[in-house]
$ cat start_26.pdb   # PDB, C-alpha atoms
ATOM      1  CA  MET A   3      -4.024  17.121   7.826
ATOM      2  CA  ARG A   4      -5.361  14.739   5.273
ATOM      3  CA  TYR A   5      -4.414  11.109   4.836
ATOM      4  CA  ASP A   6      -6.904   9.143   2.866
ATOM      5  CA  VAL A   7      -7.723   6.447   0.386
ATOM      6  CA  THR A   8     -10.628   7.415  -1.815
ATOM      7  CA  MET A   9     -12.688   6.218  -4.758
ATOM      8  CA  ASP A  10     -13.290   9.853  -5.743
ATOM      9  CA  PRO A  11     -11.096  11.970  -8.043
ATOM     10  CA  ILE A  12      -8.269  13.751  -6.200
ATOM     11  CA  ASP A  13      -7.631  17.445  -6.748
ATOM     12  CA  PRO A  14      -3.984  18.245  -5.894
ATOM     13  CA  ARG A  15      -4.992  21.869  -5.219
ATOM     14  CA  GLU A  16      -7.166  20.693  -2.327
ATOM     15  CA  LEU A  17      -4.190  19.048  -0.636
ATOM     16  CA  GLU A  18      -2.076  22.148  -1.220
ATOM     17  CA  ALA A  19      -4.764  24.241   0.470
ATOM     18  CA  ILE A  20      -4.568  21.949   3.517
ATOM     19  CA  VAL A  21      -0.788  22.344   3.953
ATOM     20  CA  SER A  22      -0.713  26.020   3.057
ATOM     21  CA  HIS A  23      -0.213  28.569   5.863
ATOM     22  CA  PRO A  24       1.352  32.021   6.180
ATOM     23  CA  GLY A  25       4.761  30.682   7.290
ATOM     24  CA  ALA A  26       5.043  28.205   4.405
ATOM     25  CA  GLY A  27       7.204  29.732   1.700
ATOM     26  CA  ALA A  28       7.277  26.562  -0.379
ATOM     27  CA  ILE A  29       4.762  23.894  -1.260
ATOM     28  CA  CYS A  30       5.955  20.856  -3.178
ATOM     29  CA  THR A  31       3.258  18.576  -4.572
ATOM     30  CA  PHE A  32       3.820  15.236  -6.259
ATOM     31  CA  SER A  33       0.967  13.965  -8.414
ATOM     32  CA  GLY A  34       1.111  10.446  -9.821
ATOM     33  CA  ILE A  35      -0.722  10.141 -13.145
ATOM     34  CA  VAL A  36      -1.994   7.063 -14.957
ATOM     35  CA  ARG A  37       0.271   6.544 -18.001
ATOM     36  CA  ASP A  38      -0.839   5.114 -21.339
ATOM     37  CA  ASN A  39       2.081   2.679 -21.546
ATOM     38  CA  SER A  40       4.061   0.272 -19.418
ATOM     39  CA  ARG A  41       6.720  -2.369 -20.160
ATOM     40  CA  GLY A  42       6.571  -1.324 -23.822
ATOM     41  CA  GLN A  43       2.858  -2.099 -24.027
ATOM     42  CA  SER A  44      -0.073   0.248 -24.332
ATOM     43  CA  VAL A  45      -2.212   0.496 -21.213
ATOM     44  CA  THR A  46      -5.973   1.014 -21.383
ATOM     45  CA  HIS A  47      -6.727   1.634 -17.690
ATOM     46  CA  LEU A  48      -5.745   0.685 -14.133
ATOM     47  CA  ASP A  49      -7.541  -0.685 -11.124
ATOM     48  CA  TYR A  50      -6.100   0.280  -7.756
ATOM     49  CA  GLU A  51      -6.841  -1.734  -4.675
ATOM     50  CA  ALA A  52      -5.960  -0.814  -1.088
ATOM     51  CA  TYR A  53      -5.912  -2.515   2.260
ATOM     52  CA  ALA A  54      -7.493   0.676   3.531
ATOM     53  CA  GLU A  55      -7.601  -0.153   7.246
ATOM     54  CA  MET A  56      -3.835  -0.452   7.129
ATOM     55  CA  ALA A  57      -2.999   1.979   4.331
ATOM     56  CA  VAL A  58      -4.304   5.078   6.093
ATOM     57  CA  PRO A  59      -2.383   4.416   9.356
ATOM     58  CA  GLN A  60       0.752   3.740   7.268
ATOM     59  CA  MET A  61       0.289   7.066   5.493
ATOM     60  CA  LYS A  62      -0.059   8.831   8.858
ATOM     61  CA  LYS A  63       3.121   7.137  10.030
ATOM     62  CA  ILE A  64       4.971   8.492   6.969
ATOM     63  CA  GLY A  65       3.578  11.939   7.739
ATOM     64  CA  GLN A  66       5.037  11.631  11.227
ATOM     65  CA  GLU A  67       8.390  10.494   9.821
ATOM     66  CA  ILE A  68       8.445  13.619   7.667
ATOM     67  CA  LYS A  69       7.707  15.816  10.675
ATOM     68  CA  ASP A  70      10.459  14.086  12.662
ATOM     69  CA  ARG A  71      12.955  14.970   9.909
ATOM     70  CA  TRP A  72      11.542  18.325   8.846
ATOM     71  CA  PRO A  73       9.781  19.691  11.948
ATOM     72  CA  GLU A  74       8.264  22.642  10.112
ATOM     73  CA  ALA A  75       6.687  20.506   7.381
ATOM     74  CA  ARG A  76       2.959  20.111   6.952
ATOM     75  CA  VAL A  77       1.857  17.076   4.984
ATOM     76  CA  ALA A  78      -1.201  15.815   3.114
ATOM     77  CA  MET A  79      -1.492  12.541   1.177
ATOM     78  CA  ALA A  80      -4.276  10.895  -0.784
ATOM     79  CA  HIS A  81      -4.444   7.783  -2.957
ATOM     80  CA  ARG A  82      -7.186   6.816  -5.360
ATOM     81  CA  THR A  83      -8.650   3.322  -5.565
ATOM     82  CA  GLY A  84     -10.897   1.656  -8.096
ATOM     83  CA  HIS A  85     -10.993   2.143 -11.859
ATOM     84  CA  LEU A  86      -8.728   4.900 -13.217
ATOM     85  CA  GLU A  87      -8.456   6.109 -16.793
ATOM     86  CA  ILE A  88      -5.320   7.367 -18.541
ATOM     87  CA  GLY A  89      -4.423  10.850 -17.335
ATOM     88  CA  GLU A  90      -6.211  10.600 -14.002
ATOM     89  CA  VAL A  91      -4.451  11.410 -10.740
ATOM     90  CA  SER A  92      -3.729   8.247  -8.745
ATOM     91  CA  VAL A  93      -1.763   9.650  -5.812
ATOM     92  CA  VAL A  94      -0.874  13.051  -4.376
ATOM     93  CA  VAL A  95       1.673  13.996  -1.721
ATOM     94  CA  SER A  96       1.793  17.676  -0.813
ATOM     95  CA  VAL A  97       4.290  19.144   1.657
ATOM     96  CA  SER A  98       4.731  22.709   2.800
ATOM     97  CA  CYS A  99       7.913  24.037   4.418
ATOM     98  CA  PRO A 100       9.397  27.465   5.041
ATOM     99  CA  HIS A 101      11.814  27.037   2.098
ATOM    100  CA  ARG A 102      11.984  25.040  -1.123
ATOM    101  CA  ALA A 103      14.967  22.767  -0.425
ATOM    102  CA  GLU A 104      13.274  20.968   2.450
ATOM    103  CA  ALA A 105       9.899  21.007   0.676
ATOM    104  CA  PHE A 106      11.401  19.105  -2.302
ATOM    105  CA  GLU A 107      13.265  16.684  -0.032
ATOM    106  CA  ALA A 108      10.318  15.990   2.245
ATOM    107  CA  CYS A 109       7.908  15.481  -0.668
ATOM    108  CA  ARG A 110      10.329  13.069  -2.354
ATOM    109  CA  TRP A 111      10.732  11.211   0.929
ATOM    110  CA  GLY A 112       6.957  11.013   1.325
ATOM    111  CA  ILE A 113       6.146   9.573  -2.109
ATOM    112  CA  ASP A 114       9.083   7.138  -2.000
ATOM    113  CA  ARG A 115       8.028   5.813   1.411
ATOM    114  CA  LEU A 116       4.411   5.615   0.283
ATOM    115  CA  LYS A 117       5.348   3.574  -2.782
ATOM    116  CA  ASP A 118       7.444   1.305  -0.584
ATOM    117  CA  SER A 119       5.262   0.653   2.435
ATOM    118  CA  VAL A 120       1.614   1.565   1.925
ATOM    119  CA  PRO A 121      -0.469  -1.492   1.006
ATOM    120  CA  ILE A 122      -1.968  -0.352  -2.283
ATOM    121  CA  TRP A 123      -1.686  -2.275  -5.534
ATOM    122  CA  LYS A 124      -2.364  -1.585  -9.152
ATOM    123  CA  LYS A 125      -3.768  -3.962 -11.679
ATOM    124  CA  GLU A 126      -2.687  -2.906 -15.128
ATOM    125  CA  HIS A 127      -4.959  -3.556 -18.096
ATOM    126  CA  ALA A 128      -2.583  -3.597 -21.049
ATOM    127  CA  ALA A 129      -2.494  -4.704 -24.674
ATOM    128  CA  ASP A 130      -0.796  -7.982 -23.652
ATOM    129  CA  GLY A 131      -3.129  -8.822 -20.769
ATOM    130  CA  THR A 132      -3.944  -7.902 -17.190
ATOM    131  CA  PHE A 133      -1.162  -7.761 -14.628
ATOM    132  CA  TRP A 134      -0.640  -7.035 -10.960
ATOM    133  CA  ILE A 135       2.297  -4.671 -10.596
ATOM    134  CA  GLU A 136       4.419  -5.774  -7.652
ATOM    135  CA  GLY A 137       7.430  -3.514  -7.299
ATOM    136  CA  SER A 138       9.338  -3.872 -10.561
ATOM    137  CA  GLU A 139       7.503  -7.034 -11.562
ATOM    138  CA  ALA A 140       4.307  -7.506 -13.560
ATOM    139  CA  LYS A 141       2.498 -10.727 -12.658
ATOM    140  CA  PRO A 142      -0.447 -12.068 -14.613
ATOM    141  CA  ALA A 143      -3.812 -11.503 -12.905
ATOM    142  CA  ARG A 144      -6.519 -14.130 -12.794
TER     143      ARG A 144
ATOM    144  CA  MET B  19      -8.253 -32.392  21.792
ATOM    145  CA  ALA B  20      -5.428 -30.390  20.297
ATOM    146  CA  VAL B  21      -5.085 -26.918  21.749
ATOM    147  CA  ALA B  22      -5.402 -24.421  18.953
ATOM    148  CA  ILE B  23      -6.035 -20.763  18.370
ATOM    149  CA  ALA B  24      -7.983 -19.191  15.545
ATOM    150  CA  VAL B  25      -6.734 -16.203  13.599
ATOM    151  CA  LYS B  26      -8.418 -14.244  10.856
ATOM    152  CA  ALA B  27      -6.220 -14.353   7.762
ATOM    153  CA  ARG B  28      -6.645 -11.759   5.039
ATOM    154  CA  TYR B  29      -5.184 -12.142   1.551
ATOM    155  CA  LEU B  30      -4.560  -8.993  -0.426
ATOM    156  CA  ALA B  31      -4.514  -8.243  -4.131
ATOM    157  CA  ARG B  32      -2.835 -11.020  -6.155
ATOM    158  CA  LEU B  33      -2.624 -13.270  -3.088
ATOM    159  CA  ARG B  34      -6.426 -13.069  -2.776
ATOM    160  CA  GLU B  35      -6.737 -14.223  -6.386
ATOM    161  CA  LEU B  36      -4.270 -17.066  -5.797
ATOM    162  CA  ALA B  37      -5.953 -18.190  -2.557
ATOM    163  CA  GLY B  38      -9.429 -17.757  -4.018
ATOM    164  CA  VAL B  39     -10.583 -16.223  -0.732
ATOM    165  CA  GLU B  40     -10.229 -12.799   0.902
ATOM    166  CA  LEU B  41     -10.711 -13.649   4.576
ATOM    167  CA  GLU B  42     -10.802 -16.953   6.428
ATOM    168  CA  LEU B  43     -10.099 -18.477   9.820
ATOM    169  CA  ILE B  44      -6.877 -20.408  10.192
ATOM    170  CA  HIS B  45      -6.211 -22.655  13.173
ATOM    171  CA  VAL B  46      -2.695 -22.957  14.533
ATOM    172  CA  SER B  47      -1.131 -24.196  17.781
ATOM    173  CA  ILE B  48      -0.698 -21.963  20.807
ATOM    174  CA  GLY B  49       2.661 -20.201  20.496
ATOM    175  CA  ALA B  50       2.492 -20.156  16.700
ATOM    176  CA  THR B  51       4.243 -17.453  14.747
ATOM    177  CA  LEU B  52       3.081 -15.413  11.790
ATOM    178  CA  GLY B  53       5.226 -17.679   9.622
ATOM    179  CA  ASP B  54       3.373 -20.729  10.980
ATOM    180  CA  VAL B  55       0.068 -19.115   9.978
ATOM    181  CA  TYR B  56       1.388 -18.476   6.488
ATOM    182  CA  ASP B  57       2.627 -22.061   6.221
ATOM    183  CA  ALA B  58      -0.844 -23.276   7.243
ATOM    184  CA  ALA B  59      -2.359 -20.953   4.636
ATOM    185  CA  ARG B  60      -0.031 -22.325   1.940
ATOM    186  CA  ALA B  61      -0.954 -25.860   2.920
ATOM    187  CA  LYS B  62      -4.591 -24.950   2.204
ATOM    188  CA  HIS B  63      -3.782 -22.889  -0.886
ATOM    189  CA  PRO B  64      -0.691 -24.364  -2.564
ATOM    190  CA  SER B  65      -0.584 -21.685  -5.263
ATOM    191  CA  LEU B  66       0.412 -19.030  -2.709
ATOM    192  CA  PRO B  67       4.063 -17.994  -3.207
ATOM    193  CA  ASP B  68       6.800 -18.729  -0.686
ATOM    194  CA  ARG B  69       7.453 -16.337   2.186
ATOM    195  CA  GLY B  70      10.198 -14.483   0.351
ATOM    196  CA  ALA B  71       7.651 -12.831  -1.948
ATOM    197  CA  VAL B  72       5.205 -11.840   0.805
ATOM    198  CA  ARG B  73       5.094  -9.505   3.805
ATOM    199  CA  GLY B  74       3.014 -10.266   6.832
ATOM    200  CA  ALA B  75       1.064  -7.949   9.098
ATOM    201  CA  VAL B  76      -0.544  -8.528  12.474
ATOM    202  CA  ASN B  77      -3.410  -6.301  13.585
ATOM    203  CA  LEU B  78      -2.672  -3.721  10.860
ATOM    204  CA  GLU B  79       1.095  -3.459  11.508
ATOM    205  CA  PHE B  80       3.840  -5.044   9.424
ATOM    206  CA  ALA B  81       5.441  -7.837  11.451
ATOM    207  CA  GLY B  82       8.281 -10.324  11.043
ATOM    208  CA  TRP B  83       7.606 -13.999  10.365
ATOM    209  CA  ASP B  84       8.723 -14.829  13.908
ATOM    210  CA  ALA B  85       6.026 -12.601  15.487
ATOM    211  CA  ARG B  86       3.919 -14.530  18.009
ATOM    212  CA  ILE B  87       0.239 -14.833  17.242
ATOM    213  CA  THR B  88      -2.528 -14.852  19.831
ATOM    214  CA  ASP B  89      -6.122 -15.979  19.607
ATOM    215  CA  GLY B  90      -8.309 -13.563  17.681
ATOM    216  CA  ASP B  91      -5.474 -11.727  15.932
ATOM    217  CA  GLU B  92      -6.067 -10.554  12.401
ATOM    218  CA  VAL B  93      -3.150 -11.295  10.140
ATOM    219  CA  ALA B  94      -2.722 -10.097   6.574
ATOM    220  CA  PHE B  95      -0.544 -11.417   3.775
ATOM    221  CA  ILE B  96       0.657  -8.639   1.557
ATOM    222  CA  PRO B  97       2.365  -8.873  -1.828
ATOM    223  CA  PRO B  98       4.981  -6.272  -2.809
ATOM    224  CA  VAL B  99       3.251  -2.915  -3.154
ATOM    225  CA  SER B 100       2.781  -1.038  -6.376
ATOM    226  CA  GLY B 101       6.265   0.420  -6.595
ATOM    227  CA  GLY B 102       6.725   2.398  -9.765
ATOM    228  CA  ARG B 103      10.013   3.621 -11.134
ATOM    229  CA  PRO B 104      11.291   6.594  -9.111
TER     230      PRO B 104
END

$ encode --input "start_26.pdb" --output "structure tokens"
Amino acid sequence: MRYDVTMDPIDPRELEAIVSHPGAGAICTFSGIVRDNSRGQSVTHLDYEAYAEMAVPQMKKIGQEIKDRWPEARVAMAHRTGHLEIGEVSVVVSVSCPHRAEAFEACRWGIDRLKDSVPIWKKEHAADGTFWIEGSEAKPAR
Amino acid sequence: MAVAIAVKARYLARLRELAGVELELIHVSIGATLGDVYDAARAKHPSLPDRGAVRGAVNLEFAGWDARITDGDEVAFIPPVSGGRP
């Protein structure tokens, strides 16, 4: 099991190793990557900020939700915080299951729930300024 | 003397920038709700957005605005999280 918020680079292969076991015929891993553009503007870098004391328990809760729905799933999740450059990995959700259909579904469920309910925010440094991204909205940062 | 309780209020991300503070004590009446704490916070920091754009948490769990607050609770005011297009 791994649920963490970290300033250090995340290696998706490390999370896959955690969920891997002899009965897991499928591992589905989502990696979120810092893009060089947003809202039609070029992006130079991102800063991620977490409410870590709450984010990690929320991630564990999502892991439990996955196991309630897919009892054979094993789950690992990690989210980066701090300064991230274009191309870096910001978030990883890795799920193993006996077969691929449930591995895809459970991984999709995990990243969607994480994006919806884990208190982590990104501040986007773009050509037109610096913005907090709140859901689908970009709001100017101070 | 008015009977009041003190709660630790934490402002996250953009709300911290708008409030100009990360953590502070807020005093509210006994029996106050999370919404009452947020209203008191907005009275101190008028640039904070209305409740519709914020989620509240009590002691590290999301909670509704009608959640009762007790002395020493830590509440957090949380803007919409990072989202991203699916």

$ interface_residues --input "start_26.pdb" --of "chain A" --to "chain B" --cutoff "12 Å" --atoms "only C-alpha atoms" --output "number ranges by chain"
A: 32, 34-37, 40-41, 48-60, 63, 81, 92-93, 110-111, 113-126, 132-144

$ residues_near_point --input "start_26.pdb" --point "(-9.7, -22.5, 15.3)" --cutoff "7 Å" --atoms "all atoms listed in the file" --output "list of chain:residue names"
B:Ala22, B:Ile23, B:Ala24, B:Leu43, B:Ile44, B:His45

$ atom_distance --input "start_26.pdb" --atom1 "atom CA of A:Gly131" --atom2 "atom CA of A:Gly84"
18.2 Å

$ atom_distance --input "start_26.pdb" --atom1 "atom CA of A:Ser98" --atom2 "atom CA of A:Lys62"
15.9 Å

$ atom_distance --input "start_26.pdb" --atom1 "atom CA of A:Val7" --atom2 "atom CA of A:Ser44"
26.6 Å

$ resolve_selection --input "start_26.pdb" --expression "the PyMOL selection byres ((chain B and resi 86) around 7)" --output "number ranges by chain"
B: 49-52, 84-85, 87-88

$ closest_residue --input "start_26.pdb" --among "B:Gly53, B:Val39, B:Val21, B:Pro64" --to "B:Val76" --atoms "all atoms listed in the file"
B:Gly53

$ axis_aligned_box --input "start_26.pdb" --around "stretch 89-98 of chain B" --padding-each-side "5 Å" --output "JSON"
{"center_x": -1.7, "center_y": -11.1, "center_z": 8.4, "size_x": 23.3, "size_y": 19.7, "size_z": 32.4}

$ resolve_selection --input "start_26.pdb" --expression "the PyMOL selection byres ((chain A and resi 8) around 8)" --output "ChimeraX atom specification"
/A:6-7,9-11,80-83

$ resolve_selection --input "start_26.pdb" --expression "the PyMOL selection byres ((chain B and resi 63) around 10)" --output "ChimeraX atom specification"
/B:33,36-39,57-62,64-67

$ closest_residue --input "start_26.pdb" --among "A:Asp130, A:Glu90, A:Glu67, A:Glu107" --to "A:Thr31" --atoms "only C-alpha atoms"
A:Glu107

$ closest_residue --input "start_26.pdb" --among "A:Leu86, A:Ile64, A:Glu74, A:Cys99" --to "A:Glu18" --atoms "only C-alpha atoms"
A:Cys99

$ closest_residue --input "start_26.pdb" --among "A:Leu17, A:Ile68, A:Ala28, A:Glu104" --to "A:Tyr5" --atoms "only C-alpha atoms"
A:Leu17

$ closest_residue --input "start_26.pdb" --among "B:Ala81, B:Phe95, B:Val25, B:Gly70" --to "B:Ser47" --atoms "only C-alpha atoms"
B:Val25

$ residues_near_point --input "start_26.pdb" --point "(4.1, 20.8, 5.9)" --cutoff "8 Å" --atoms "only C-alpha atoms" --output "PyMOL selection string"
chain A and resi 21-22+26+29+69+74-78+96-99+105

$ build_atoms --input "start_26.pdb" --residues "stretch 49-81 of chain A" --atoms "N, CA and C atoms" --output "compact mmCIF listing (two decimals), in the coordinates of the input"
# COMPACT_ATOMS: atom_id res chain seq x y z
N ASP A 49 -6.70 -0.54 -12.32
CA ASP A 49 -7.54 -0.68 -11.12
C ASP A 49 -6.62 -0.68 -9.92
N TYR A 50 -6.88 0.24 -8.99
CA TYR A 50 -6.10 0.28 -7.76
C TYR A 50 -6.91 -0.33 -6.64
N GLU A 51 -6.20 -1.09 -5.82
CA GLU A 51 -6.84 -1.73 -4.68
C GLU A 51 -6.02 -1.44 -3.43
N ALA A 52 -6.67 -1.13 -2.33
CA ALA A 52 -5.96 -0.81 -1.09
C ALA A 52 -6.43 -1.71 0.04
N TYR A 53 -5.53 -1.96 0.96
CA TYR A 53 -5.91 -2.52 2.26
C TYR A 53 -6.10 -1.28 3.13
N ALA A 54 -7.29 -0.69 3.02
CA ALA A 54 -7.49 0.68 3.53
C ALA A 54 -7.29 0.79 5.04
N GLU A 55 -7.73 -0.24 5.78
CA GLU A 55 -7.60 -0.15 7.25
C GLU A 55 -6.14 -0.03 7.66
N MET A 56 -5.25 -0.54 6.81
CA MET A 56 -3.84 -0.45 7.13
C MET A 56 -3.17 0.69 6.36
N ALA A 57 -3.66 0.97 5.17
CA ALA A 57 -3.00 1.98 4.33
C ALA A 57 -3.05 3.37 4.97
N VAL A 58 -4.20 3.73 5.53
CA VAL A 58 -4.30 5.08 6.09
C VAL A 58 -3.38 5.24 7.31
N PRO A 59 -3.37 4.29 8.27
CA PRO A 59 -2.38 4.42 9.36
C PRO A 59 -0.93 4.44 8.86
N GLN A 60 -0.62 3.70 7.81
CA GLN A 60 0.75 3.74 7.27
C GLN A 60 1.06 5.12 6.70
N MET A 61 0.08 5.72 6.04
CA MET A 61 0.29 7.07 5.49
C MET A 61 0.52 8.06 6.63
N LYS A 62 -0.26 7.92 7.71
CA LYS A 62 -0.06 8.83 8.86
C LYS A 62 1.33 8.65 9.45
N LYS A 63 1.79 7.41 9.48
CA LYS A 63 3.12 7.14 10.03
C LYS A 63 4.19 7.83 9.17
N ILE A 64 4.02 7.81 7.86
CA ILE A 64 4.97 8.49 6.97
C ILE A 64 4.92 10.00 7.21
N GLY A 65 3.71 10.52 7.42
CA GLY A 65 3.58 11.94 7.74
C GLY A 65 4.36 12.29 9.00
N GLN A 66 4.30 11.39 9.99
CA GLN A 66 5.04 11.63 11.23
C GLN A 66 6.55 11.55 10.99
N GLU A 67 6.95 10.59 10.14
CA GLU A 67 8.39 10.49 9.82
C GLU A 67 8.88 11.80 9.18
N ILE A 68 8.05 12.36 8.31
CA ILE A 68 8.44 13.62 7.67
C ILE A 68 8.59 14.71 8.72
N LYS A 69 7.62 14.76 9.65
CA LYS A 69 7.71 15.82 10.68
C LYS A 69 8.88 15.60 11.62
N ASP A 70 9.27 14.34 11.83
CA ASP A 70 10.46 14.09 12.66
C ASP A 70 11.71 14.63 11.98
N ARG A 71 11.76 14.53 10.64
CA ARG A 71 12.96 14.97 9.91
C ARG A 71 12.92 16.45 9.55
N TRP A 72 11.71 16.92 9.23
CA TRP A 72 11.54 18.32 8.85
C TRP A 72 10.44 18.90 9.74
N PRO A 73 10.81 19.35 10.95
CA PRO A 73 9.78 19.69 11.95
C PRO A 73 8.79 20.76 11.49
N GLU A 74 9.19 21.58 10.53
CA GLU A 74 8.26 22.64 10.11
C GLU A 74 7.36 22.21 8.96
N ALA A 75 7.50 20.97 8.52
CA ALA A 75 6.69 20.51 7.38
C ALA A 75 5.23 20.28 7.78
N ARG A 76 4.35 20.56 6.85
CA ARG A 76 2.96 20.11 6.95
C ARG A 76 2.71 19.21 5.74
N VAL A 77 1.95 18.14 5.98
CA VAL A 77 1.86 17.08 4.98
C VAL A 77 0.40 16.71 4.72
N ALA A 78 0.09 16.42 3.46
CA ALA A 78 -1.20 15.82 3.11
C ALA A 78 -0.94 14.76 2.04
N MET A 79 -1.65 13.64 2.14
CA MET A 79 -1.49 12.54 1.18
C MET A 79 -2.85 11.95 0.86
N ALA A 80 -3.05 11.59 -0.40
CA ALA A 80 -4.28 10.90 -0.78
C ALA A 80 -3.96 9.92 -1.91
N HIS A 81 -4.61 8.78 -1.90
CA HIS A 81 -4.44 7.78 -2.96
C HIS A 81 -5.81 7.35 -3.44
